[in-house]
file coords07.tsv (TSV, C-alpha atoms)
chain	number	residue	atom	x	y	z
S	1	SER	CA	-7.51	-9.52	20.91
S	2	ARG	CA	-7.26	-11.32	17.58
S	3	PRO	CA	-10.00	-10.17	15.15
S	4	LYS	CA	-11.50	-12.70	12.77
S	5	PRO	CA	-12.46	-11.76	9.20
S	6	ASN	CA	-15.10	-9.04	9.21
S	7	TRP	CA	-18.26	-8.50	7.22
S	8	ARG	CA	-18.70	-5.11	5.62
S	9	ASN	CA	-21.41	-3.39	3.61
S	10	SER	CA	-21.49	0.19	2.36
S	11	LEU	CA	-23.62	2.58	0.31
S	12	GLY	CA	-22.88	6.09	-0.96
S	13	TRP	CA	-23.59	9.10	-3.18
S	14	PRO	CA	-21.29	11.48	-5.07
S	15	LEU	CA	-20.81	14.96	-3.55
S	16	THR	CA	-18.47	16.31	-6.24
S	17	SER	CA	-16.43	14.76	-9.04
S	18	ARG	CA	-13.70	13.97	-6.45
S	19	ALA	CA	-15.67	13.29	-3.23
S	20	ASP	CA	-18.33	10.78	-2.18
S	21	LEU	CA	-20.52	10.62	0.91
S	22	GLY	CA	-21.74	7.29	2.16
S	23	GLY	CA	-22.39	4.95	4.99
S	24	GLU	CA	-20.89	1.65	5.99
S	25	TYR	CA	-21.59	-1.20	8.36
S	26	LEU	CA	-18.73	-3.27	9.77
S	27	TRP	CA	-19.09	-6.31	12.03
S	28	VAL	CA	-16.04	-7.67	13.86
S	29	PRO	CA	-16.04	-10.81	16.03
S	30	ALA	CA	-12.94	-11.07	18.23
S	31	THR	CA	-11.48	-13.42	20.81
S	32	LEU	CA	-9.46	-12.08	23.73
S	33	THR	CA	-6.30	-13.81	24.94
S	34	THR	CA	-8.39	-15.12	27.87
S	35	GLY	CA	-10.62	-17.00	25.41
S	36	ASP	CA	-13.57	-14.66	25.92
S	37	HIS	CA	-15.59	-13.75	22.81
S	38	LEU	CA	-16.91	-10.31	21.92
S	39	LYS	CA	-18.57	-8.67	18.92
S	40	VAL	CA	-18.30	-5.07	17.76
S	41	SER	CA	-20.57	-3.59	15.06
S	42	TYR	CA	-19.78	-0.22	13.49
S	43	LEU	CA	-22.41	2.04	11.87
S	44	MET	CA	-20.50	4.87	10.21
S	45	ALA	CA	-20.93	7.90	7.93
S	46	THR	CA	-18.03	7.97	5.44
S	47	VAL	CA	-16.44	10.58	3.18
S	48	GLN	CA	-14.15	9.35	0.41
S	49	PHE	CA	-11.89	11.87	-1.35
S	50	ARG	CA	-9.82	11.43	-4.52
S	51	PRO	CA	-7.00	14.07	-4.49
S	52	TRP	CA	-6.31	13.53	-8.22
S	53	GLN	CA	-9.38	13.13	-10.39
S	54	SER	CA	-7.47	11.28	-13.12
S	55	GLN	CA	-5.82	8.80	-10.71
S	56	GLY	CA	-7.44	6.02	-8.68
S	57	PHE	CA	-5.93	6.81	-5.26
S	58	PHE	CA	-8.43	7.80	-2.55
S	59	LEU	CA	-8.53	8.65	1.15
S	60	LYS	CA	-11.50	7.95	3.38
S	61	ALA	CA	-12.61	9.05	6.83
S	62	SER	CA	-15.53	7.68	8.86
S	63	SER	CA	-17.30	8.65	12.05
S	64	GLY	CA	-20.18	7.04	13.88
S	65	MET	CA	-21.12	4.57	16.58
S	66	ALA	CA	-19.73	1.21	17.63
S	67	PHE	CA	-22.15	-1.20	19.27
S	68	PHE	CA	-20.38	-3.59	21.61
S	69	ARG	CA	-21.72	-6.97	22.80
S	70	ASN	CA	-19.77	-8.95	25.31
S	71	TRP	CA	-21.06	-12.53	25.64
S	72	LEU	CA	-18.97	-13.21	28.73
S	73	LYS	CA	-19.72	-14.38	32.23
S	74	THR	CA	-20.51	-11.34	34.29
S	75	ILE	CA	-19.85	-10.91	37.99
S	76	ASP	CA	-23.46	-11.91	38.63
S	77	GLU	CA	-23.55	-15.63	37.73
S	78	ASN	CA	-27.37	-15.50	37.40
S	79	ALA	CA	-27.30	-12.84	34.70
S	80	THR	CA	-28.72	-14.08	31.39
S	81	GLU	CA	-28.22	-10.91	29.38
S	82	PRO	CA	-24.83	-10.02	27.85
S	83	LEU	CA	-23.17	-6.67	28.47
S	84	ARG	CA	-24.05	-4.13	25.78
S	85	SER	CA	-22.71	-0.65	25.24
S	86	LYS	CA	-22.26	2.05	22.61
S	87	ALA	CA	-19.06	3.89	21.80
S	88	PHE	CA	-17.87	6.76	19.61
S	89	ALA	CA	-15.97	5.38	16.60
S	90	LEU	CA	-13.60	6.74	13.95
S	91	GLY	CA	-12.19	5.20	10.80
S	92	LEU	CA	-9.30	6.20	8.52
S	93	GLY	CA	-8.32	4.49	5.31
S	94	ALA	CA	-6.86	4.65	1.82
S	95	GLY	CA	-7.13	2.66	-1.36
S	96	TRP	CA	-7.11	2.53	-5.13
S	97	GLU	CA	-9.99	2.42	-7.61
S	98	TRP	CA	-9.82	1.03	-11.14
S	99	ARG	CA	-12.54	2.09	-13.55
S	100	THR	CA	-13.60	-0.75	-15.86
S	101	ARG	CA	-16.32	1.28	-17.60
S	102	SER	CA	-17.57	4.85	-17.20
S	103	ARG	CA	-20.00	3.93	-14.37
S	104	PHE	CA	-18.40	0.76	-12.99
S	105	GLY	CA	-15.15	0.00	-11.20
S	106	VAL	CA	-13.43	-2.01	-8.50
S	107	GLN	CA	-11.58	-0.88	-5.37
S	108	ALA	CA	-8.92	-2.27	-3.05
S	109	TYR	CA	-8.57	-0.54	0.32
S	110	GLY	CA	-7.26	-0.73	3.85
S	111	THR	CA	-9.02	0.85	6.82
S	112	MET	CA	-8.39	1.24	10.55
S	113	HIS	CA	-11.46	1.54	12.81
S	114	ALA	CA	-11.12	2.65	16.42
S	115	ALA	CA	-13.78	2.77	19.13
S	116	ALA	CA	-13.66	4.06	22.71
S	117	LEU	CA	-15.31	1.02	24.35
S	118	GLY	CA	-14.97	2.18	27.96
S	119	ASP	CA	-14.75	-0.45	30.71
S	120	LEU	CA	-14.60	-4.05	29.49
S	121	GLU	CA	-15.98	-6.80	31.70
S	122	THR	CA	-14.09	-10.06	31.14
S	123	SER	CA	-14.75	-13.43	32.75
S	124	ASP	CA	-12.34	-12.72	35.60
S	125	ARG	CA	-11.91	-8.92	35.89
S	126	THR	CA	-12.82	-5.44	34.65
S	127	ILE	CA	-10.41	-3.70	32.30
S	128	GLN	CA	-10.81	0.08	32.39
S	129	ASN	CA	-10.73	2.52	29.46
S	130	VAL	CA	-10.53	0.03	26.59
S	131	MET	CA	-9.89	1.34	23.08
S	132	GLY	CA	-10.87	-1.10	20.31
S	133	ASN	CA	-8.64	-0.97	17.23
S	134	PHE	CA	-9.57	-3.10	14.18
S	135	TRP	CA	-7.87	-3.18	10.78
S	136	SER	CA	-9.52	-4.36	7.59
S	137	VAL	CA	-8.29	-4.95	4.05
S	138	GLY	CA	-10.83	-5.54	1.34
S	139	GLY	CA	-12.28	-4.87	-2.05
S	140	ALA	CA	-15.47	-3.39	-3.43
S	141	ILE	CA	-17.45	-3.17	-6.65
S	142	VAL	CA	-18.27	0.46	-7.45
S	143	ILE	CA	-21.33	1.62	-9.38
S	144	ARG	CA	-21.49	5.38	-10.04
call {"tool": "encode", "arguments": {"input": "coords07.tsv", "output": "structure tokens"}}
result
Amino acid sequence: SRPKPNWRNSLGWPLTSRADLGGEYLWVPATLTTGDHLKVSYLMATVQFRPWQSQGFFLKASSGMAFFRNWLKTIDENATEPLRSKAFALGLGAGWEWRTRSRFGVQAYGTMHAAALGDLETSDRTIQNVMGNFWSVGGAIVIR
């Protein structure tokens, strides 16, 4: 599948001077090589850790649920509802934060999100044990 640009929103709170706890929402529309469209939404709890307090490098790990909607033709041609399912999801990432003022900053990051989607119903067959893997690169405004 070829993911399109994703939409992401996150919110968090400091745990210590080097770690933050937060949540994030990630929405990924994708198109399979068959031309079928699907959408995956991630709702994740995230921990962000800065190994060096004086440097901007950080690591992040996320865990939560992926909600999968498959707007494809199902085997039953009369079905009007799309396939929907939930999956366990993990995310791993790293980035850099620049502080512009004591409470404000900006971040650049890269993250990989994976979800165990299970069986995927396409327009012409069922694909078993699908693992969704989506990469994102982005930026954020940080208010501490």
call {"tool": "residues_around", "arguments": {"input": "coords07.tsv", "residues": "Ala116 (chain S)", "least_positions_apart": "6", "cutoff": "7 Å", "atoms": "all atoms listed in the file", "output": "list in words"}}
result
Ala87, Phe88, Ala89, Val130, Met131 and Gly132 of chain S
call {"tool": "residues_near_point", "arguments": {"input": "coords07.tsv", "point": "(-21.4, 1.3, 22.6)", "cutoff": "10 Å", "atoms": "all atoms listed in the file", "output": "VMD selection string"}}
result
chain S and resid 40 to 42 65 to 69 84 to 89 115 to 118
call {"tool": "atom_distance", "arguments": {"input": "coords07.tsv", "atom1": "CA of Trp27 (chain S)", "atom2": "CA of Gly56 (chain S)"}}
result
26.8 Å
call {"tool": "residues_around", "arguments": {"input": "coords07.tsv", "residues": "Thr16 (chain S)", "least_positions_apart": "5", "cutoff": "12 Å", "atoms": "only C-alpha atoms", "output": "PDB file with C-alpha atoms, in the frame of the given file"}}
result
ATOM      1  CA  LEU S  21     -20.520  10.620   0.910  1.00  0.00           C
ATOM      2  CA  VAL S  47     -16.440  10.580   3.180  1.00  0.00           C
ATOM      3  CA  GLN S  48     -14.150   9.350   0.410  1.00  0.00           C
ATOM      4  CA  PHE S  49     -11.890  11.870  -1.350  1.00  0.00           C
ATOM      5  CA  ARG S  50      -9.820  11.430  -4.520  1.00  0.00           C
ATOM      6  CA  PRO S  51      -7.000  14.070  -4.490  1.00  0.00           C
ATOM      7  CA  GLN S  53      -9.380  13.130 -10.390  1.00  0.00           C
ATOM      8  CA  ARG S 144     -21.490   5.380 -10.040  1.00  0.00           C
TER       9      ARG S 144
END
call {"tool": "residues_around", "arguments": {"input": "coords07.tsv", "residues": "Ala45 (chain S)", "least_positions_apart": "4", "cutoff": "10 Å", "atoms": "all atoms listed in the file", "output": "ChimeraX atom specification"}}
result
/S:10-12,21-25,61-65,90-91
call {"tool": "residues_near_point", "arguments": {"input": "coords07.tsv", "point": "(-13.3, -5.6, -1.8)", "cutoff": "9 Å", "atoms": "all atoms listed in the file", "output": "compact mmCIF listing (two decimals) with C-alpha atoms, in the coordinates of the input"}}
result
# COMPACT_ATOMS: atom_id res chain seq x y z
CA VAL S 106 -13.43 -2.01 -8.50
CA GLN S 107 -11.58 -0.88 -5.37
CA ALA S 108 -8.92 -2.27 -3.05
CA TYR S 109 -8.57 -0.54 0.32
CA VAL S 137 -8.29 -4.95 4.05
CA GLY S 138 -10.83 -5.54 1.34
CA GLY S 139 -12.28 -4.87 -2.05
CA ALA S 140 -15.47 -3.39 -3.43
CA ILE S 141 -17.45 -3.17 -6.65
call {"tool": "atom_distance", "arguments": {"input": "coords07.tsv", "atom1": "CA of Trp13 (chain S)", "atom2": "CA of Ala114 (chain S)"}}
result
24.1 Å
call {"tool": "residues_around", "arguments": {"input": "coords07.tsv", "residues": "Arg103 (chain S)", "least_positions_apart": "3", "cutoff": "9 Å", "atoms": "all atoms listed in the file", "output": "ChimeraX atom specification"}}
result
/S:99-100,142-144
call {"tool": "closest_residue", "arguments": {"input": "coords07.tsv", "among": "S:Ser102, S:Gln128, S:Thr31, S:Ser17", "to": "Trp52 (chain S)", "atoms": "only C-alpha atoms"}}
result
S:Ser17
call {"tool": "atom_distance", "arguments": {"input": "coords07.tsv", "atom1": "CA of Asp119 (chain S)", "atom2": "CA of Trp135 (chain S)"}}
result
21.3 Å
call {"tool": "closest_residue", "arguments": {"input": "coords07.tsv", "among": "S:Leu15, S:Met112, S:Leu38, S:Leu59", "to": "Trp96 (chain S)", "atoms": "all atoms listed in the file"}}
result
S:Leu59
